[in-house]
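What's in run_19.cif: mmCIF, C-alpha atoms (C1' of nucleotides)
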```cif
data_my_file
loop_
_atom_site.label_atom_id
_atom_site.label_comp_id
_atom_site.auth_asym_id
_atom_site.auth_seq_id
_atom_site.Cartn_x
_atom_site.Cartn_y
_atom_site.Cartn_z
CA MET A 6 -7.57 27.30 4.17
CA SER A 7 -5.41 24.83 6.11
CA ILE A 8 -5.03 24.69 9.85
CA THR A 9 -2.90 27.45 11.38
CA MET A 10 -0.27 27.09 14.05
CA ALA A 11 -2.62 28.77 16.55
CA GLU A 12 -5.40 26.35 15.74
CA LEU A 13 -2.99 23.48 16.16
CA ARG A 14 -2.12 24.77 19.63
CA GLN A 15 -5.82 24.96 20.51
CA LYS A 16 -6.62 21.54 19.12
CA PHE A 17 -3.80 19.99 21.09
CA ARG A 18 -4.68 21.78 24.31
CA ASP A 19 -8.26 20.51 24.02
CA ARG A 20 -7.13 16.94 23.89
CA GLN A 21 -4.24 17.13 26.33
CA TYR A 22 -1.66 16.41 23.70
CA LYS A 23 1.65 18.11 24.12
CA LEU A 24 2.68 20.65 21.55
CA THR A 25 6.31 19.82 21.02
CA SER A 26 8.69 21.68 18.76
CA GLN A 27 8.90 18.60 16.54
CA ARG A 28 5.16 18.62 15.96
CA GLN A 29 5.20 22.29 15.13
CA THR A 30 8.07 21.83 12.72
CA ILE A 31 6.26 19.00 10.97
CA LEU A 32 3.09 21.07 10.55
CA GLN A 33 5.26 23.88 9.20
CA ALA A 34 6.67 21.50 6.60
CA PHE A 35 3.16 20.96 5.28
CA LEU A 36 2.35 24.67 5.35
CA ASP A 37 5.51 25.37 3.36
CA HIS A 38 4.68 22.75 0.73
CA PRO A 39 0.94 23.06 0.24
CA ASP A 40 0.98 21.60 -3.24
CA ARG A 41 2.86 18.39 -2.61
CA HIS A 42 1.83 14.97 -1.40
CA LEU A 43 4.56 14.26 1.11
CA SER A 44 5.74 10.85 2.20
CA ALA A 45 7.18 10.28 5.67
CA GLU A 46 10.64 10.32 4.16
CA ASP A 47 9.88 13.60 2.36
CA VAL A 48 8.77 15.19 5.60
CA TYR A 49 11.84 13.84 7.36
CA THR A 50 14.13 15.40 4.77
CA ILE A 51 12.41 18.78 4.94
CA VAL A 52 12.21 18.87 8.70
CA ARG A 53 15.81 17.90 9.30
CA LYS A 54 16.95 21.21 7.88
CA GLN A 55 15.30 22.90 10.85
CA SER A 56 15.81 20.20 13.47
CA PRO A 57 18.66 17.90 12.50
CA GLU A 58 18.25 15.81 15.64
CA ILE A 59 14.68 14.73 14.82
CA GLY A 60 14.07 10.99 14.40
CA LEU A 61 12.25 9.32 11.55
CA ALA A 62 10.12 7.43 14.09
CA THR A 63 8.86 10.73 15.43
CA VAL A 64 7.85 11.77 11.95
CA TYR A 65 5.87 8.56 11.55
CA ARG A 66 4.24 8.95 14.95
CA THR A 67 3.33 12.56 14.26
CA LEU A 68 1.87 11.80 10.85
CA GLU A 69 -0.24 9.08 12.42
CA LEU A 70 -1.47 11.55 15.03
CA PHE A 71 -2.13 14.33 12.51
CA ASN A 72 -4.08 11.88 10.40
CA GLU A 73 -6.27 10.89 13.34
CA LEU A 74 -6.90 14.52 14.17
CA ASP A 75 -7.80 15.23 10.53
CA ILE A 76 -4.99 17.72 10.25
CA VAL A 77 -3.62 15.77 7.33
CA GLN A 78 -5.12 13.07 5.19
CA ARG A 79 -3.36 9.83 4.41
CA LEU A 80 -3.23 8.93 0.74
CA ASP A 81 -2.12 5.89 -1.17
CA PHE A 82 -1.02 6.25 -4.76
CA GLY A 83 0.19 2.69 -4.99
CA ASP A 84 3.87 3.60 -5.09
CA GLY A 85 4.67 1.61 -1.97
CA ARG A 86 4.61 4.42 0.52
CA GLN A 87 1.92 6.36 2.32
CA ARG A 88 1.59 9.99 1.42
CA TYR A 89 0.00 12.83 3.32
CA GLU A 90 -1.59 16.07 2.33
CA ILE A 91 -2.75 18.85 4.59
CA ASN A 92 -6.50 19.07 5.03
CA GLU A 93 -8.49 22.09 4.08
CA THR A 94 -10.54 23.22 7.08
CA SER A 95 -13.45 24.48 5.01
CA THR A 96 -14.09 21.77 2.45
CA PRO A 97 -14.44 18.44 4.20
CA HIS A 98 -11.61 16.54 2.50
CA HIS A 99 -13.18 15.48 -0.76
CA HIS A 100 -11.20 15.86 -3.86
CA HIS A 101 -9.57 13.14 -5.87
CA HIS A 102 -6.49 12.29 -7.85
CA LEU A 103 -5.34 11.76 -11.37
CA ILE A 104 -2.13 9.78 -11.38
CA CYS A 105 0.17 9.79 -14.38
CA LEU A 106 1.40 6.27 -15.06
CA SER A 107 4.41 7.59 -16.90
CA CYS A 108 5.90 10.35 -14.76
CA GLY A 109 4.02 9.81 -11.51
CA LYS A 110 2.66 13.35 -11.41
CA VAL A 111 -0.54 13.74 -9.43
CA LYS A 112 -3.26 16.23 -10.36
CA GLU A 113 -6.32 16.94 -8.28
CA PHE A 114 -9.95 17.48 -9.05
CA GLY A 115 -12.95 18.25 -6.92
CA ASP A 116 -15.92 16.01 -6.67
CA ASP A 117 -19.63 16.44 -6.37
CA LEU A 118 -21.15 14.09 -8.93
CA LEU A 119 -19.92 11.30 -6.75
CA GLU A 120 -22.31 12.18 -3.94
CA THR A 121 -25.25 10.95 -5.98
CA LEU A 122 -23.52 7.71 -6.75
CA GLU A 123 -22.56 7.30 -3.11
CA SER A 124 -26.09 7.49 -1.79
CA ALA A 125 -27.35 5.10 -4.45
CA ILE A 126 -24.66 2.59 -3.53
CA ALA A 127 -25.31 3.07 0.17
CA LYS A 128 -28.97 2.28 -0.23
CA ARG A 129 -28.43 -0.76 -2.40
CA SER A 130 -25.61 -2.25 -0.34
CA LYS A 131 -26.89 -1.31 3.11
CA PHE A 132 -23.45 0.00 3.97
CA ALA A 133 -23.16 3.13 6.10
CA ILE A 134 -20.61 4.91 3.95
CA VAL A 135 -18.28 7.33 5.70
CA ASP A 136 -15.66 8.01 3.08
CA HIS A 137 -14.61 7.32 -0.45
CA GLN A 138 -11.51 7.41 -2.57
CA LEU A 139 -11.42 7.80 -6.28
CA LYS A 140 -8.32 7.54 -8.40
CA PHE A 141 -7.91 7.84 -12.13
CA TYR A 142 -4.83 6.46 -13.84
CA GLY A 143 -3.65 7.70 -17.19
CA TYR A 144 -1.09 9.81 -19.00
CA CYS A 145 -0.71 13.53 -18.48
CA GLN A 146 -0.52 15.96 -21.36
CA GLU A 147 3.28 16.24 -21.28
CA CYS A 148 3.80 12.49 -21.29
CA GLN A 149 1.33 12.08 -24.14
CA LYS A 150 3.35 14.55 -26.22
CA ARG A 151 6.61 12.89 -25.27
CA ARG A 152 5.22 9.56 -26.47
CA GLU A 153 4.01 10.92 -29.78
CA GLY A 154 7.22 12.79 -30.51
CA MET B 19 -16.53 -15.71 -17.23
CA SER B 20 -12.91 -15.98 -16.06
CA ILE B 21 -10.03 -17.35 -18.06
CA THR B 22 -9.98 -21.14 -18.48
CA MET B 23 -7.01 -23.43 -18.16
CA ALA B 24 -7.05 -23.94 -21.94
CA GLU B 25 -7.00 -20.21 -22.57
CA LEU B 26 -4.12 -19.88 -20.15
CA ARG B 27 -2.20 -22.47 -22.13
CA GLN B 28 -2.90 -20.56 -25.35
CA LYS B 29 -1.99 -17.19 -23.88
CA PHE B 30 1.30 -18.55 -22.58
CA ARG B 31 2.17 -20.31 -25.80
CA ASP B 32 1.61 -17.08 -27.75
CA ARG B 33 4.11 -15.23 -25.61
CA GLN B 34 6.63 -18.00 -25.15
CA TYR B 35 6.06 -18.25 -21.46
CA LYS B 36 6.35 -21.69 -19.98
CA LEU B 37 3.29 -23.26 -18.53
CA THR B 38 4.60 -24.81 -15.36
CA SER B 39 2.60 -26.87 -12.92
CA GLN B 40 3.02 -24.10 -10.33
CA ARG B 41 1.40 -21.56 -12.62
CA GLN B 42 -1.48 -23.88 -13.34
CA THR B 43 -1.97 -24.60 -9.67
CA ILE B 44 -2.04 -20.90 -8.88
CA LEU B 45 -4.63 -20.20 -11.54
CA GLN B 46 -6.65 -23.09 -10.17
CA ALA B 47 -6.56 -21.49 -6.73
CA PHE B 48 -8.30 -18.43 -8.18
CA LEU B 49 -10.82 -20.54 -10.08
CA ASP B 50 -11.66 -22.40 -6.87
CA HIS B 51 -12.16 -19.16 -4.91
CA PRO B 52 -13.92 -16.85 -7.33
CA ASP B 53 -15.46 -14.73 -4.63
CA ARG B 54 -12.39 -13.88 -2.60
CA HIS B 55 -9.72 -11.22 -2.88
CA LEU B 56 -6.62 -13.28 -2.31
CA SER B 57 -3.32 -11.99 -0.99
CA ALA B 58 -0.04 -13.64 -1.94
CA GLU B 59 -0.02 -15.38 1.43
CA ASP B 60 -3.60 -16.60 0.88
CA VAL B 61 -2.65 -18.07 -2.46
CA TYR B 62 0.44 -19.65 -0.94
CA THR B 63 -1.65 -21.35 1.75
CA ILE B 64 -4.19 -22.69 -0.74
CA VAL B 65 -1.64 -23.84 -3.23
CA ARG B 66 0.54 -25.65 -0.75
CA LYS B 67 -2.18 -28.21 -0.20
CA GLN B 68 -1.67 -29.33 -3.81
CA SER B 69 2.05 -28.63 -4.14
CA PRO B 70 3.71 -28.50 -0.72
CA GLU B 71 7.12 -27.77 -2.23
CA ILE B 72 6.07 -24.50 -3.88
CA GLY B 73 7.93 -21.38 -2.79
CA LEU B 74 6.38 -18.10 -1.69
CA ALA B 75 8.66 -16.27 -4.12
CA THR B 76 7.14 -18.23 -6.99
CA VAL B 77 3.70 -17.17 -5.87
CA TYR B 78 4.80 -13.53 -5.92
CA ARG B 79 6.44 -13.88 -9.32
CA THR B 80 3.39 -15.60 -10.76
CA LEU B 81 0.97 -13.03 -9.40
CA GLU B 82 3.11 -10.30 -10.94
CA LEU B 83 3.03 -12.12 -14.27
CA PHE B 84 -0.72 -12.79 -14.12
CA ASN B 85 -1.31 -9.16 -13.34
CA GLU B 86 0.69 -8.05 -16.36
CA LEU B 87 -1.21 -10.46 -18.59
CA ASP B 88 -4.52 -9.18 -17.18
CA ILE B 89 -5.38 -12.62 -15.90
CA VAL B 90 -5.80 -11.17 -12.44
CA GLN B 91 -6.13 -7.63 -11.24
CA ARG B 92 -4.07 -6.25 -8.39
CA LEU B 93 -6.07 -4.48 -5.70
CA ASP B 94 -5.15 -2.43 -2.69
CA PHE B 95 -7.57 -2.21 0.20
CA GLY B 96 -5.11 -0.41 2.42
CA ASP B 97 -4.56 -3.35 4.74
CA GLY B 98 -0.86 -3.50 4.06
CA ARG B 99 -0.86 -6.25 1.49
CA GLN B 100 -1.67 -6.47 -2.18
CA ARG B 101 -4.68 -8.52 -3.11
CA TYR B 102 -5.62 -10.10 -6.39
CA GLU B 103 -8.86 -11.05 -8.01
CA ILE B 104 -9.39 -12.99 -11.20
CA ASN B 105 -10.43 -10.91 -14.17
CA GLU B 106 -13.62 -11.46 -16.03
CA THR B 107 -12.89 -11.92 -19.71
CA SER B 108 -16.12 -10.34 -20.90
CA THR B 109 -16.49 -7.19 -18.81
CA PRO B 110 -13.29 -5.18 -18.97
CA HIS B 111 -12.42 -5.12 -15.27
CA HIS B 112 -14.65 -2.38 -13.96
CA HIS B 113 -16.37 -2.89 -10.71
CA HIS B 114 -15.54 -1.34 -7.40
CA HIS B 115 -15.34 -2.04 -3.73
CA LEU B 116 -17.09 -1.26 -0.49
CA ILE B 117 -14.75 -1.86 2.41
CA CYS B 118 -16.09 -2.36 5.92
CA LEU B 119 -13.95 -0.42 8.38
CA SER B 120 -15.03 -2.68 11.22
CA CYS B 121 -14.73 -6.27 9.98
CA GLY B 122 -12.76 -5.73 6.77
CA LYS B 123 -15.36 -7.40 4.58
CA VAL B 124 -15.32 -6.29 0.97
CA LYS B 125 -18.43 -6.06 -1.18
CA GLU B 126 -18.47 -5.30 -4.86
CA PHE B 127 -20.61 -3.15 -7.07
CA GLY B 128 -20.63 -2.52 -10.78
CA ASP B 129 -20.11 0.89 -12.26
CA ASP B 130 -21.52 2.77 -15.14
CA LEU B 131 -22.31 6.23 -13.83
CA LEU B 132 -18.60 6.72 -13.43
CA GLU B 133 -18.01 6.63 -17.18
CA THR B 134 -19.66 10.01 -17.57
CA LEU B 135 -17.56 11.48 -14.81
CA GLU B 136 -14.44 9.98 -16.32
CA SER B 137 -14.85 11.59 -19.69
CA ALA B 138 -15.63 14.96 -18.12
CA ILE B 139 -12.48 14.75 -16.01
CA ALA B 140 -10.41 13.59 -18.99
CA LYS B 141 -11.48 16.57 -21.05
CA ARG B 142 -10.89 19.11 -18.30
CA SER B 143 -7.55 17.71 -17.16
CA LYS B 144 -6.16 16.71 -20.56
CA PHE B 145 -5.21 13.35 -19.10
CA ALA B 146 -5.58 10.25 -21.25
CA ILE B 147 -7.32 8.12 -18.67
CA VAL B 148 -6.82 4.39 -18.93
CA ASP B 149 -8.18 3.13 -15.65
CA HIS B 150 -9.85 4.14 -12.44
CA GLN B 151 -10.31 2.82 -8.95
CA LEU B 152 -13.13 3.72 -6.64
CA LYS B 153 -13.39 2.62 -3.06
CA PHE B 154 -16.05 3.37 -0.50
CA TYR B 155 -15.34 2.97 3.18
CA GLY B 156 -18.07 2.43 5.72
CA TYR B 157 -19.75 -0.09 7.95
CA CYS B 158 -21.58 -3.15 6.65
CA GLN B 159 -25.06 -4.07 7.81
CA GLU B 160 -23.89 -6.69 10.31
CA CYS B 161 -21.38 -4.36 11.94
CA GLN B 162 -23.98 -1.62 12.14
CA LYS B 163 -26.28 -3.97 14.06
CA ARG B 164 -23.49 -5.16 16.30
CA ARG B 165 -22.70 -1.54 17.19
CA GLU B 166 -26.28 -0.69 18.00
CA GLY B 167 -26.85 -3.88 20.00
"C1'" DC C 1 6.80 16.30 39.20
"C1'" DT C 2 3.99 13.44 36.19
"C1'" DT C 3 3.15 11.79 32.07
"C1'" DT C 4 3.59 12.13 27.31
"C1'" DG C 5 6.88 12.50 23.66
"C1'" DT C 6 11.47 11.65 21.60
"C1'" DG C 7 15.67 9.43 19.58
"C1'" DC C 8 17.91 5.43 18.76
"C1'" DA C 9 18.40 0.86 17.43
"C1'" DA C 10 16.41 -3.33 16.84
"C1'" DA C 11 12.16 -5.81 15.19
"C1'" DT C 12 8.61 -6.59 11.85
"C1'" DG C 13 6.30 -7.90 7.73
"C1'" DA C 14 5.45 -7.73 2.90
"C1'" DT C 15 7.88 -8.13 -1.13
"C1'" DT C 16 12.24 -8.78 -4.01
"C1'" DT C 17 16.43 -10.75 -5.52
"C1'" DG C 18 20.79 -13.75 -6.27
"C1'" DC C 19 21.94 -18.08 -7.35
"C1'" DA C 20 22.40 -22.91 -8.30
"C1'" DG C 21 19.54 -26.58 -9.65
"C1'" DT C 22 15.11 -28.12 -12.45
"C1'" DG C 23 11.64 -28.74 -15.92
"C1'" DT C 24 9.32 -27.06 -20.23
"C1'" DC C 25 9.49 -26.55 -24.96
"C1'" DG D 6 19.89 -29.15 -24.82
"C1'" DA D 7 18.74 -24.05 -24.01
"C1'" DC D 8 16.74 -21.05 -21.36
"C1'" DA D 9 13.04 -19.68 -18.58
"C1'" DC D 10 11.41 -20.99 -14.02
"C1'" DT D 11 11.77 -22.55 -9.31
"C1'" DG D 12 13.05 -22.96 -4.33
"C1'" DC D 13 15.70 -21.29 -0.83
"C1'" DA D 14 17.81 -17.98 1.88
"C1'" DA D 15 19.39 -13.57 2.25
"C1'" DA D 16 18.38 -8.71 1.15
"C1'" DT D 17 15.27 -4.63 0.93
"C1'" DC D 18 12.36 -1.14 2.32
"C1'" DA D 19 8.59 1.12 4.61
"C1'" DT D 20 6.89 1.18 8.99
"C1'" DT D 21 6.61 -0.10 14.06
"C1'" DT D 22 8.15 -0.86 18.64
"C1'" DG D 23 10.92 -1.18 23.20
"C1'" DC D 24 13.32 1.45 26.10
"C1'" DA D 25 15.93 4.93 28.65
"C1'" DC D 26 16.08 9.84 28.57
"C1'" DA D 27 14.01 14.60 27.81
"C1'" DA D 28 10.64 18.11 27.90
"C1'" DA D 29 5.70 20.00 28.23
"C1'" DG D 30 2.01 21.22 31.14
#
```
In structure tokens, how does this file's structure come out?
Amino acid sequence: MSITMAELRQKFRDRQYKLTSQRQTILQAFLDHPDRHLSAEDVYTIVRKQSPEIGLATVYRTLELFNELDIVQRLDFGDGRQRYEINETSTPHHHHHLICLSCGKVKEFGDDLLETLESAIAKRSKFAIVDHQLKFYGYCQECQKRREG
Amino acid sequence: MSITMAELRQKFRDRQYKLTSQRQTILQAFLDHPDRHLSAEDVYTIVRKQSPEIGLATVYRTLELFNELDIVQRLDFGDGRQRYEINETSTPHHHHHLICLSCGKVKEFGDDLLETLESAIAKRSKFAIVDHQLKFYGYCQECQKRREG
DNA sequence: CTTTGTGCAAATGATTTGCAGTGTC
DNA sequence: GACACTGCAAATCATTTGCACAAAG
């Protein structure tokens, strides 16, 4: 379950942020595209259909804010732009990505085995670990077929 | 063991690339700083001491080439610039990074447990996995102390 | 009404590219 | 000598910032 519009209102009230129509529209863009990993430009394109006067800078500033408030999570797939996905409120943002080197498709998978590894590493390195990111690169089923054929 | 200058010469001869003094100097920069994760700008600064006339564009082009030839490996620590580390010839580039969120220091650790996870994921997702990247974010021992103190 | 947020345009910063001259094979 | 490689400067592209105006609480 992602954050709802009502929860957004609450969260913003708590911290004295103003709930502008632009911010609502941007959240809505994520709610309408739950499966995609949107870049700032993607969000801009979607949101302009509703609010043509919105500025790209506002999109960037809002994404930055949403990221800080854990409403979205910033991702980096190495394609030269930051991407964002909406956070699930229940599961504390831990799933990872399989990136197809051929078509760029991104698949997700949950994690759990990694927890063990994390605490072992933490102990050995004396780091206080707060987050991790795991990415696998390879070729998806379709691209494998396309290559064989 | 990293690549030697002689091996570089061989590798370049095989593929008809020209072994210019700039390329040698850039490799030397990595050999002289085996422990660091150098950005293009870092390399440029180091290399200019030897060859003041070298251009930043050449550094970028060479790093791109070295990366393709697996002489170095491109890394992304999310600090807005690509970094490169020299590849070990023996172990097929698989170790990972602990990134300190406070001072930016990067520590390394080997992996092995991840292999199991990788094959499980590969089977379930039907991806042909060729590489992976794992990063842990946290606070290093020094920064932890500094925060407490 | 106060203060935060917005749109616009200009600035930034890493990386790339066009081109004419240079050095390796 | 041919052709890949270089240096330089200009171009790109994502992202950030300064500023005058607008809107939320």
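Residues from chain A that have an atom within 9 Å of chain C, counting all atoms listed in the file, are A:Tyr22, A:Lys23, A:Thr25, A:Gln27, A:Glu58, A:Ile59, A:Gly60, A:Leu61, A:Ala62, A:Thr63.
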For the interface of stretch 44-79 of chain A with stretch 16-23 of chain D (cut-off 10 Å, counting all atoms listed in the file), please tabulate each contacting residue of stretch 44-79 of chain A alongside its nearest pair of atoms and their separation in Å to one decimal, rows sorted by chain and increasing number, as a Markdown table.
```
| residue | atom | partner | partner_atom | distance |
| --- | --- | --- | --- | --- |
| A:Ala45 | CA | D:DA19 | C1' | 9.3 |
| A:Glu46 | CA | D:DA19 | C1' | 9.4 |
| A:Ala62 | CA | D:DT21 | C1' | 8.3 |
| A:Tyr65 | CA | D:DT20 | C1' | 7.9 |
| A:Arg66 | CA | D:DT21 | C1' | 9.4 |
```
Just to be explicit: take each residue in the selection above, keep C-alpha atoms, and write the result as a CSV table (one decimal), keeping the file's coordinate frame.
```csv
chain,number,residue,atom,x,y,z
A,45,ALA,CA,7.2,10.3,5.7
A,46,GLU,CA,10.6,10.3,4.2
A,62,ALA,CA,10.1,7.4,14.1
A,65,TYR,CA,5.9,8.6,11.6
A,66,ARG,CA,4.2,9.0,15.0
```
To one decimal in Å, tell me the separation between atom CA of A:Cys105 and atom CA of B:Lys144.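 Rounded to one decimal, the two atoms are 11.2 Å apart.
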Go through chain D residue by residue and, counting only C-alpha atoms (C1' of nucleotides), keep those with an atom at most 9 Å from chain B; for each kept residue give the shortest atom pair and its distance in Å to one decimal, ordered by chain and increasing number, as a tab-separated table.
```
residue	atom	partner	partner_atom	distance
D:DA9	C1'	B:Lys36	CA	7.1
D:DC10	C1'	B:Lys36	CA	7.8
D:DT11	C1'	B:Thr76	CA	6.7
D:DG12	C1'	B:Gly73	CA	5.6
D:DC13	C1'	B:Gly73	CA	8.0
```
Evaluated on this file, the PyMOL selection byres ((chain A) within 7 of (chain B)) picks out some residues - which ones are they, written as a list in words? Lys131, Phe132, Ala133, Ile134, Val135, Asp136, His137, Gln138, Leu139, Lys140, Phe141, Tyr142, Gly143, Tyr144, Cys145 and Gln146 of chain A
Under the PyMOL selection byres ((chain B and resi 65) around 9), which residues of this model are included? Write them out as a PyMOL selection string. chain B and resi 40+43-44+46-47+60-64+66-70+72+77
Quick one, how far is atom CA of A:Glu12 from atom CA of A:Tyr89?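 Computing it gives 19.1 Å between the two atoms.
Atom CA of A:Pro39 to atom CA of A:Ile91 spans 7.1 Å [interatomic distance, one decimal].
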Residues near A:Gln78, cut-off 10 Å, all atoms listed in the file, skip fewer than 3 positions along chain, as a PyMOL selection string: chain A and resi 42+68-69+71-75+88-93+98
